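What follows is a single structure, written as structure tokens, with notes after it.
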Amino acid sequence: MSEIYNNGWHDDDFQKSSESHAEETHFTYNESYLTPKKEKKTKKGFFKMTALMLVAAILGSLITCGVFAIVLPDYVNQKMRNFSFTAPSNYTPTSSDNVNSDTGVNVIPGTLSVVDIAKKVGPAVVGIVSTVPRQSFFGVTESQGSGSGIIVSNDGYIVTNNHVIEGASKITVHLSSGETKKATVVGSDSRTDLAVLKLEQGIYPYAELGHSSELEVGELCVAIGNPLGMEFAGSVTVGYVSALNRTVETDGKTLTLIQTDAAINSGNSGGALVNTRGQVIGINTLKIASTGVEGLGFAIPIDEAKPVFDDLMNHGYVKGRPVIGIVGRDISADIAQYYGYPEGIFVEQVQQDSGAHKAGISRGDIVTKADGVRVKTIEELNKVRDKKKAGATIKLEYDRSGNIYSADVVLGEEKVTNN
């Protein structure tokens, strides 16, 4: 537990010191004003001399004031005309589009207050309740989960996290107006944890998208979503961009995310992370929850999310994703030593008419290299594969009964639809 120290001061000590100091200050400050002045004897002609001096002083002050009244405005105007602002020599504008050509200073137009951000983006953030069938001892039952989503078009397309709607047989969307609407899944992608829904026909408020590439660490941001379900729908939390390009591993996948200390809780998933212009720059997706851990929330950068949900909207899957055409499992060092196998990926299944099938790879082969890179796990193999596009060739080296072979595999296109 954190402690607050008062550097050895006690309240009574501080009070005594303050009173003592106040008394000293009081007498020192007022001494010159309280000292009575001694009376001086006047001599003959004193009053006449005083009168003459007073007249001279008045005339002098009038002349002086007249001079300053005429000269000062011209002097100030001249100085203002010659005034210019020079940017620091080490200053680098963050966006050339908004740089004042005269000063070199970056100006961010349209910066909004948190209240205005909430008014602008809030109506486009929705609550999502998904009904998921579960197999139990008593048969098929249903469970419900909730999350958030962002309307990104006026005809009702919604972007959310895949884990919010995964496996759902029914999806209900709660609008900020209080209305509820049915929604269908247009496309989902577990690799990026993104999904696109479509609302019933209608005209809907939608969010403006920004550019996460323009973000800087320390920039203020606002999270809008539905923590802990519909009871706290439309909650607004404020924080800062804590870090960029954070690599986080979750559920067997690696994501590159924006880190923020704006509060993100269960139910915020799929909601909006917004910049000070009221533009969505991230999709809130997860937080690190542990004893003694606070302010570690994460969002998918909008620049990385947009190409994915554009493909999901238009095609139902992410186009151009490469696929080898095998299903396999890792051979660990222990298993390899026990059975005398090399470490690598054991091929359990080869998909019909895939690149691997056409290249002659069979069940039981153990893949050990990809494009000359030693691979021991499926994750390592996928990292080499994902550097390529569908239609490209990957060279696989594999062990078959102790003999080493190689094959050039033409990568196919992964097509995962919701039909």
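Every chain in the structure tokens takes a letter, A first, then B, and so on in the order presented; its residues are numbered from 1, and the ligands are numbered from 1 following the presented order.
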Report as an mmCIF file with all heavy atoms, in the first residue's frame all protein, DNA and RNA residues lying within 8 Å of Ser188 of chain A, evaluated on only C-alpha atoms, omitting residues in the same chain fewer than 3 positions from it.
data_model
loop_
_atom_site.group_PDB
_atom_site.id
_atom_site.type_symbol
_atom_site.label_atom_id
_atom_site.label_comp_id
_atom_site.auth_asym_id
_atom_site.auth_seq_id
_atom_site.Cartn_x
_atom_site.Cartn_y
_atom_site.Cartn_z
ATOM 1 N N ASN A 162 -14.128 -10.471 -32.981
ATOM 2 C CA ASN A 162 -14.619 -11.809 -33.309
ATOM 3 C C ASN A 162 -15.055 -12.560 -32.054
ATOM 4 O O ASN A 162 -16.058 -13.264 -32.054
ATOM 5 C CB ASN A 162 -13.523 -12.596 -34.033
ATOM 6 C CG ASN A 162 -13.923 -14.021 -34.319
ATOM 7 O OD1 ASN A 162 -14.810 -14.285 -35.106
ATOM 8 N ND2 ASN A 162 -13.262 -14.962 -33.654
ATOM 9 N N VAL A 185 -24.117 -11.932 -39.072
ATOM 10 C CA VAL A 185 -22.666 -11.906 -39.258
ATOM 11 C C VAL A 185 -22.358 -11.898 -40.752
ATOM 12 O O VAL A 185 -22.756 -12.788 -41.489
ATOM 13 C CB VAL A 185 -21.994 -13.118 -38.591
ATOM 14 C CG1 VAL A 185 -20.486 -13.089 -38.836
ATOM 15 C CG2 VAL A 185 -22.293 -13.147 -37.104
ATOM 16 N N ASP A 193 -9.017 -11.106 -34.724
ATOM 17 C CA ASP A 193 -10.072 -10.902 -33.732
ATOM 18 C C ASP A 193 -11.033 -9.787 -34.152
ATOM 19 O O ASP A 193 -11.461 -8.971 -33.344
ATOM 20 C CB ASP A 193 -9.495 -10.596 -32.348
ATOM 21 C CG ASP A 193 -10.549 -10.747 -31.244
ATOM 22 O OD1 ASP A 193 -11.515 -11.495 -31.450
ATOM 23 O OD2 ASP A 193 -10.405 -10.094 -30.202
ATOM 24 N N LEU A 194 -11.401 -9.794 -35.445
ATOM 25 C CA LEU A 194 -12.340 -8.800 -35.961
ATOM 26 C C LEU A 194 -13.531 -9.491 -36.613
ATOM 27 O O LEU A 194 -13.414 -10.608 -37.124
ATOM 28 C CB LEU A 194 -11.663 -7.884 -36.985
ATOM 29 C CG LEU A 194 -10.613 -6.917 -36.432
ATOM 30 C CD1 LEU A 194 -9.850 -6.252 -37.577
ATOM 31 C CD2 LEU A 194 -11.258 -5.864 -35.537
ATOM 32 N N ALA A 195 -14.667 -8.804 -36.587
ATOM 33 C CA ALA A 195 -15.880 -9.316 -37.230
ATOM 34 C C ALA A 195 -16.718 -8.145 -37.701
ATOM 35 O O ALA A 195 -16.619 -7.036 -37.175
ATOM 36 C CB ALA A 195 -16.678 -10.194 -36.262
ATOM 37 N N VAL A 196 -17.542 -8.405 -38.720
ATOM 38 C CA VAL A 196 -18.455 -7.391 -39.252
ATOM 39 C C VAL A 196 -19.882 -7.922 -39.184
ATOM 40 O O VAL A 196 -20.154 -9.048 -39.615
ATOM 41 C CB VAL A 196 -18.093 -7.008 -40.703
ATOM 42 C CG1 VAL A 196 -19.160 -6.095 -41.304
ATOM 43 C CG2 VAL A 196 -16.731 -6.335 -40.753
ATOM 44 N N LEU A 312 -13.955 -8.142 -45.127
ATOM 45 C CA LEU A 312 -15.076 -8.884 -44.538
ATOM 46 C C LEU A 312 -16.415 -8.353 -45.031
ATOM 47 O O LEU A 312 -17.343 -9.124 -45.308
ATOM 48 C CB LEU A 312 -15.013 -8.812 -43.008
ATOM 49 C CG LEU A 312 -13.822 -9.510 -42.345
ATOM 50 C CD1 LEU A 312 -13.847 -9.289 -40.838
ATOM 51 C CD2 LEU A 312 -13.806 -11.003 -42.651
ATOM 52 N N GLY A 316 -16.628 -11.314 -47.276
ATOM 53 C CA GLY A 316 -16.943 -12.285 -46.234
ATOM 54 C C GLY A 316 -15.715 -12.962 -45.662
ATOM 55 O O GLY A 316 -15.819 -13.725 -44.698
ATOM 56 N N TYR A 317 -14.542 -12.693 -46.214
ATOM 57 C CA TYR A 317 -13.284 -13.238 -45.702
ATOM 58 C C TYR A 317 -12.168 -12.267 -46.085
ATOM 59 O O TYR A 317 -12.379 -11.326 -46.863
ATOM 60 C CB TYR A 317 -13.000 -14.630 -46.269
ATOM 61 C CG TYR A 317 -12.713 -14.667 -47.759
ATOM 62 C CD1 TYR A 317 -11.395 -14.679 -48.235
ATOM 63 C CD2 TYR A 317 -13.743 -14.696 -48.690
ATOM 64 C CE1 TYR A 317 -11.128 -14.707 -49.593
ATOM 65 C CE2 TYR A 317 -13.485 -14.721 -50.055
ATOM 66 C CZ TYR A 317 -12.175 -14.728 -50.500
ATOM 67 O OH TYR A 317 -11.916 -14.746 -51.853
ATOM 68 N N THR A 417 -15.592 -18.498 -44.762
ATOM 69 C CA THR A 417 -16.828 -17.733 -44.818
ATOM 70 C C THR A 417 -17.769 -18.201 -43.712
ATOM 71 O O THR A 417 -17.534 -19.201 -43.045
ATOM 72 C CB THR A 417 -17.523 -17.904 -46.188
ATOM 73 O OG1 THR A 417 -17.907 -19.267 -46.357
ATOM 74 C CG2 THR A 417 -16.577 -17.495 -47.316
ATOM 75 N N ASN A 418 -18.855 -17.455 -43.543
ATOM 76 C CA ASN A 418 -19.832 -17.775 -42.486
ATOM 77 C C ASN A 418 -21.089 -18.405 -43.051
ATOM 78 O O ASN A 418 -22.117 -18.419 -42.398
ATOM 79 C CB ASN A 418 -20.177 -16.481 -41.736
ATOM 80 C CG ASN A 418 -18.962 -15.896 -41.057
ATOM 81 O OD1 ASN A 418 -18.578 -16.325 -39.976
ATOM 82 N ND2 ASN A 418 -18.319 -14.929 -41.692
#
Inset, instruction - Write out as a ChimeraX atom specification all residues of segment 191-364 of chain A that DSSP puts in alpha helix (DSSP H) for this structure's backbone. - result: /A:302-315,333-339,355-358
Legend entry - Exercise: Arg400 of chain A partners within 8 Å, only C-alpha atoms, chain neighbours under 4 positions left out, as a ChimeraX atom specification: /A:364-366,404-405
Export of the given selection (N, CA and C atoms) as a compact mmCIF listing (two decimals), in the first residue's frame:
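Generated output (selection-v7.txt):
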# COMPACT_ATOMS: atom_id res chain seq x y z
N GLY A 364 2.18 -37.92 -42.43
CA GLY A 364 3.33 -38.59 -41.83
C GLY A 364 4.64 -37.88 -42.11
N ASP A 365 4.68 -36.99 -43.11
CA ASP A 365 5.89 -36.21 -43.36
C ASP A 365 6.12 -35.23 -42.21
N ILE A 366 7.39 -34.89 -41.97
CA ILE A 366 7.72 -33.93 -40.91
C ILE A 366 8.45 -32.75 -41.55
N ILE A 404 15.36 -37.06 -46.55
CA ILE A 404 15.05 -35.64 -46.66
C ILE A 404 14.63 -35.31 -48.08
N TYR A 405 13.50 -34.65 -48.21
CA TYR A 405 12.98 -34.22 -49.51
C TYR A 405 12.66 -32.73 -49.45
Inset, instruction - Point out the residue among A:Phe137, A:Tyr341, A:Tyr204, A:Phe232 with the least atom-to-atom distance to Lys181 of chain A, counting only C-alpha atoms. - result: A:Tyr204
Inset, instruction - Kindly give the distance, in Å, that separates atom CA of Ala118 of chain A and atom CA of Lys182 of chain A, rounded to a single decimal. - result: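 Result for atom CA of Ala118 of chain A versus atom CA of Lys182 of chain A: 24.7 Å, one decimal.
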Inset, instruction - Would you kindly return, as a ChimeraX atom specification, each protein, DNA or RNA residue with an atom no farther than 8 Å from any atom of Asn284 of chain A, considering only C-alpha atoms and excluding same-chain residues fewer than 5 positions away? - result: /A:223,264,268-273,297-300
Residues from last step as file, N, CA and C atoms, as a PDB file, in the first residue's frame:
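This is the output file selection_28.pdb:
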ATOM      1  N   ALA A 223     -12.189   6.152 -24.459  1.00  0.00           N
ATOM      2  CA  ALA A 223     -12.776   4.836 -24.751  1.00  0.00           C
ATOM      3  C   ALA A 223     -14.275   4.906 -24.494  1.00  0.00           C
ATOM      4  N   ILE A 264     -10.644  -0.040 -19.620  1.00  0.00           N
ATOM      5  CA  ILE A 264     -11.286  -0.982 -20.538  1.00  0.00           C
ATOM      6  C   ILE A 264     -11.598  -2.245 -19.738  1.00  0.00           C
ATOM      7  N   ASN A 268     -16.329  -3.997 -22.886  1.00  0.00           N
ATOM      8  CA  ASN A 268     -15.793  -2.930 -23.731  1.00  0.00           C
ATOM      9  C   ASN A 268     -15.268  -3.461 -25.059  1.00  0.00           C
ATOM     10  N   SER A 269     -15.062  -4.769 -25.145  1.00  0.00           N
ATOM     11  CA  SER A 269     -14.503  -5.362 -26.362  1.00  0.00           C
ATOM     12  C   SER A 269     -15.335  -4.981 -27.571  1.00  0.00           C
ATOM     13  N   GLY A 270     -14.658  -4.494 -28.613  1.00  0.00           N
ATOM     14  CA  GLY A 270     -15.343  -4.086 -29.830  1.00  0.00           C
ATOM     15  C   GLY A 270     -15.740  -2.630 -29.842  1.00  0.00           C
ATOM     16  N   GLY A 271     -15.561  -1.937 -28.706  1.00  0.00           N
ATOM     17  CA  GLY A 271     -15.907  -0.529 -28.621  1.00  0.00           C
ATOM     18  C   GLY A 271     -14.832   0.361 -29.222  1.00  0.00           C
ATOM     19  N   ALA A 272     -15.059   1.674 -29.122  1.00  0.00           N
ATOM     20  CA  ALA A 272     -14.216   2.641 -29.820  1.00  0.00           C
ATOM     21  C   ALA A 272     -13.160   3.260 -28.920  1.00  0.00           C
ATOM     22  N   LEU A 273     -11.945   3.382 -29.428  1.00  0.00           N
ATOM     23  CA  LEU A 273     -10.911   4.227 -28.843  1.00  0.00           C
ATOM     24  C   LEU A 273     -10.799   5.427 -29.772  1.00  0.00           C
ATOM     25  N   GLY A 297      -4.808  -1.444 -20.869  1.00  0.00           N
ATOM     26  CA  GLY A 297      -5.812  -1.809 -21.858  1.00  0.00           C
ATOM     27  C   GLY A 297      -5.216  -1.735 -23.251  1.00  0.00           C
ATOM     28  N   PHE A 298      -5.825  -2.458 -24.196  1.00  0.00           N
ATOM     29  CA  PHE A 298      -5.255  -2.543 -25.543  1.00  0.00           C
ATOM     30  C   PHE A 298      -6.340  -2.437 -26.604  1.00  0.00           C
ATOM     31  N   ALA A 299      -5.963  -1.841 -27.728  1.00  0.00           N
ATOM     32  CA  ALA A 299      -6.901  -1.659 -28.835  1.00  0.00           C
ATOM     33  C   ALA A 299      -6.214  -1.997 -30.149  1.00  0.00           C
ATOM     34  N   ILE A 300      -6.983  -2.534 -31.091  1.00  0.00           N
ATOM     35  CA  ILE A 300      -6.467  -2.828 -32.427  1.00  0.00           C
ATOM     36  C   ILE A 300      -6.374  -1.515 -33.198  1.00  0.00           C
TER      37      ILE A 300
END
Inset, instruction - List every residue of segment 352-412 of chain A that DSSP, applied to the backbone of this structure, places in strand (DSSP E), and write the result as a list in words. - result: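 Strand (DSSP E) assignments inside segment 352-412 of chain A correspond to Ile366, Val367, Thr368, Lys369, Ala370, Val373, Arg374, Thr393, Ile394, Lys395, Leu396, Glu397, Tyr398, Asp399, Arg400, Asn403, Ile404, Tyr405, Ser406, Ala407, Asp408, Val409, Val410 and Gly412 of chain A.
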Generate a file of the selected residues that holds N, CA and C atoms, formatted as an mmCIF file, in the first residue's frame.
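Contents of the output file result_13.cif:
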data_model
loop_
_atom_site.group_PDB
_atom_site.id
_atom_site.type_symbol
_atom_site.label_atom_id
_atom_site.label_comp_id
_atom_site.auth_asym_id
_atom_site.auth_seq_id
_atom_site.Cartn_x
_atom_site.Cartn_y
_atom_site.Cartn_z
ATOM 1 N N ILE A 366 7.385 -34.893 -41.969
ATOM 2 C CA ILE A 366 7.723 -33.932 -40.913
ATOM 3 C C ILE A 366 8.446 -32.747 -41.550
ATOM 4 N N VAL A 367 7.774 -31.595 -41.573
ATOM 5 C CA VAL A 367 8.347 -30.391 -42.175
ATOM 6 C C VAL A 367 9.375 -29.802 -41.208
ATOM 7 N N THR A 368 10.593 -29.559 -41.730
ATOM 8 C CA THR A 368 11.682 -29.061 -40.871
ATOM 9 C C THR A 368 12.227 -27.705 -41.315
ATOM 10 N N LYS A 369 11.998 -27.333 -42.588
ATOM 11 C CA LYS A 369 12.479 -26.042 -43.077
ATOM 12 C C LYS A 369 11.457 -25.415 -44.017
ATOM 13 N N ALA A 370 11.439 -24.055 -44.025
ATOM 14 C CA ALA A 370 10.597 -23.309 -44.961
ATOM 15 C C ALA A 370 11.418 -22.167 -45.532
ATOM 16 N N VAL A 373 14.648 -21.682 -43.798
ATOM 17 C CA VAL A 373 14.618 -21.320 -42.387
ATOM 18 C C VAL A 373 14.210 -22.534 -41.558
ATOM 19 N N ARG A 374 14.952 -22.841 -40.520
ATOM 20 C CA ARG A 374 14.625 -23.970 -39.643
ATOM 21 C C ARG A 374 13.338 -23.667 -38.887
ATOM 22 N N THR A 393 5.199 -18.906 -54.085
ATOM 23 C CA THR A 393 5.741 -20.251 -53.833
ATOM 24 C C THR A 393 6.585 -20.260 -52.565
ATOM 25 N N ILE A 394 6.402 -21.310 -51.759
ATOM 26 C CA ILE A 394 7.226 -21.509 -50.574
ATOM 27 C C ILE A 394 7.928 -22.860 -50.706
ATOM 28 N N LYS A 395 9.227 -22.905 -50.404
ATOM 29 C CA LYS A 395 10.012 -24.134 -50.521
ATOM 30 C C LYS A 395 10.047 -24.835 -49.169
ATOM 31 N N LEU A 396 9.462 -26.020 -49.090
ATOM 32 C CA LEU A 396 9.426 -26.794 -47.851
ATOM 33 C C LEU A 396 10.410 -27.956 -47.922
ATOM 34 N N GLU A 397 11.111 -28.162 -46.817
ATOM 35 C CA GLU A 397 11.986 -29.329 -46.679
ATOM 36 C C GLU A 397 11.373 -30.219 -45.611
ATOM 37 N N TYR A 398 11.275 -31.518 -45.879
ATOM 38 C CA TYR A 398 10.597 -32.399 -44.933
ATOM 39 C C TYR A 398 11.298 -33.754 -44.854
ATOM 40 N N ASP A 399 11.062 -34.418 -43.740
ATOM 41 C CA ASP A 399 11.626 -35.740 -43.469
ATOM 42 C C ASP A 399 10.550 -36.783 -43.703
ATOM 43 N N ARG A 400 10.880 -37.783 -44.487
ATOM 44 C CA ARG A 400 9.948 -38.897 -44.723
ATOM 45 C C ARG A 400 10.715 -40.190 -44.473
ATOM 46 N N ASN A 403 14.433 -39.988 -44.700
ATOM 47 C CA ASN A 403 14.970 -39.392 -45.924
ATOM 48 C C ASN A 403 14.501 -37.937 -46.039
ATOM 49 N N ILE A 404 15.355 -37.064 -46.552
ATOM 50 C CA ILE A 404 15.054 -35.643 -46.658
ATOM 51 C C ILE A 404 14.634 -35.310 -48.082
ATOM 52 N N TYR A 405 13.504 -34.653 -48.214
ATOM 53 C CA TYR A 405 12.979 -34.223 -49.512
ATOM 54 C C TYR A 405 12.656 -32.726 -49.448
ATOM 55 N N SER A 406 12.493 -32.136 -50.610
ATOM 56 C CA SER A 406 12.051 -30.736 -50.681
ATOM 57 C C SER A 406 10.988 -30.614 -51.757
ATOM 58 N N ALA A 407 10.136 -29.612 -51.596
ATOM 59 C CA ALA A 407 9.047 -29.404 -52.551
ATOM 60 C C ALA A 407 8.717 -27.917 -52.636
ATOM 61 N N ASP A 408 8.437 -27.448 -53.844
ATOM 62 C CA ASP A 408 7.978 -26.074 -54.049
ATOM 63 C C ASP A 408 6.460 -26.070 -54.019
ATOM 64 N N VAL A 409 5.903 -25.426 -53.004
ATOM 65 C CA VAL A 409 4.456 -25.424 -52.793
ATOM 66 C C VAL A 409 3.887 -24.071 -53.199
ATOM 67 N N VAL A 410 2.924 -24.110 -54.115
ATOM 68 C CA VAL A 410 2.228 -22.884 -54.511
ATOM 69 C C VAL A 410 1.135 -22.612 -53.475
ATOM 70 N N GLY A 412 -2.102 -21.409 -51.714
ATOM 71 C CA GLY A 412 -3.476 -21.103 -52.088
ATOM 72 C C GLY A 412 -4.013 -19.923 -51.294
#
Inset, instruction - Using only C-alpha atoms, determine which residues lie at most 9 Å from Tyr157 of chain A, disregarding the query and same-chain residues fewer than 6 positions distant; provide the list as a ChimeraX atom specification. - result: /A:150-151,186,196-199,206,313
Need the shell around Glu142 of chain A: protein/DNA/RNA residues with any atom at most 8 Å away, counting only C-alpha atoms. Skip same-chain ones fewer than 4 positions apart. Format as an mmCIF file with all heavy atoms, in the first residue's frame?
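Result saved to result36.cif:
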data_model
loop_
_atom_site.group_PDB
_atom_site.id
_atom_site.type_symbol
_atom_site.label_atom_id
_atom_site.label_comp_id
_atom_site.auth_asym_id
_atom_site.auth_seq_id
_atom_site.Cartn_x
_atom_site.Cartn_y
_atom_site.Cartn_z
ATOM 1 N N THR A 131 -26.202 -14.778 -28.372
ATOM 2 C CA THR A 131 -26.725 -16.020 -27.792
ATOM 3 C C THR A 131 -25.968 -17.193 -28.394
ATOM 4 O O THR A 131 -25.963 -17.373 -29.621
ATOM 5 C CB THR A 131 -28.228 -16.162 -28.070
ATOM 6 O OG1 THR A 131 -28.909 -15.015 -27.540
ATOM 7 C CG2 THR A 131 -28.782 -17.416 -27.427
ATOM 8 N N VAL A 132 -25.320 -17.970 -27.541
ATOM 9 C CA VAL A 132 -24.456 -19.057 -28.008
ATOM 10 C C VAL A 132 -24.998 -20.391 -27.492
ATOM 11 O O VAL A 132 -25.184 -20.560 -26.285
ATOM 12 C CB VAL A 132 -23.015 -18.861 -27.521
ATOM 13 C CG1 VAL A 132 -22.116 -19.992 -28.020
ATOM 14 C CG2 VAL A 132 -22.477 -17.505 -27.966
ATOM 15 N N PRO A 133 -25.268 -21.340 -28.373
ATOM 16 C CA PRO A 133 -25.720 -22.661 -27.923
ATOM 17 C C PRO A 133 -24.579 -23.449 -27.288
ATOM 18 O O PRO A 133 -23.448 -23.417 -27.777
ATOM 19 C CB PRO A 133 -26.198 -23.326 -29.217
ATOM 20 C CG PRO A 133 -25.478 -22.628 -30.319
ATOM 21 C CD PRO A 133 -25.249 -21.229 -29.846
ATOM 22 N N ARG A 134 -24.873 -24.157 -26.200
ATOM 23 C CA ARG A 134 -23.862 -24.953 -25.497
ATOM 24 C C ARG A 134 -24.380 -26.373 -25.304
ATOM 25 O O ARG A 134 -25.549 -26.586 -24.992
ATOM 26 C CB ARG A 134 -23.566 -24.339 -24.127
ATOM 27 C CG ARG A 134 -23.145 -22.884 -24.132
ATOM 28 C CD ARG A 134 -21.753 -22.698 -24.661
ATOM 29 N NE ARG A 134 -21.296 -21.321 -24.510
ATOM 30 C CZ ARG A 134 -20.202 -20.840 -25.071
ATOM 31 N NH1 ARG A 134 -19.438 -21.630 -25.809
ATOM 32 N NH2 ARG A 134 -19.863 -19.576 -24.906
#
Inset, instruction - Have a look at atom CA of Cys221 of chain A and atom CA of Glu179 of chain A and let me know their distance in Å, one decimal. - result: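 Answer for the atom CA of Cys221 of chain A to atom CA of Glu179 of chain A separation: 27.8 Å.
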Legend entry - Separation of atom CA of Glu200 of chain A from atom CA of Ser235 of chain A in Å: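 Between atom CA of Ser235 of chain A and atom CA of Glu200 of chain A the gap is 24.8 Å.
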Inset, instruction - Would you kindly return, as number ranges by chain, each protein, DNA or RNA residue with an atom no farther than 10 Å from any atom of Glu379 of chain A, considering only C-alpha atoms and excluding same-chain residues fewer than 3 positions away? - result: A: 252-254, 330, 345, 375-376, 382-385
Legend entry - Among listed residues A:Gly139, A:Gly202, A:Gly187, A:Pro307, nearest Asn161 of chain A (using only C-alpha atoms):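 Closest to Asn161 of chain A of all the choices is A:Gly187.
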Legend entry - Nearest to Leu209 of chain A, chosen from A:Thr285, A:Asp189, A:Val152, A:Lys387, with only C-alpha atoms counted in the distances: A:Val152
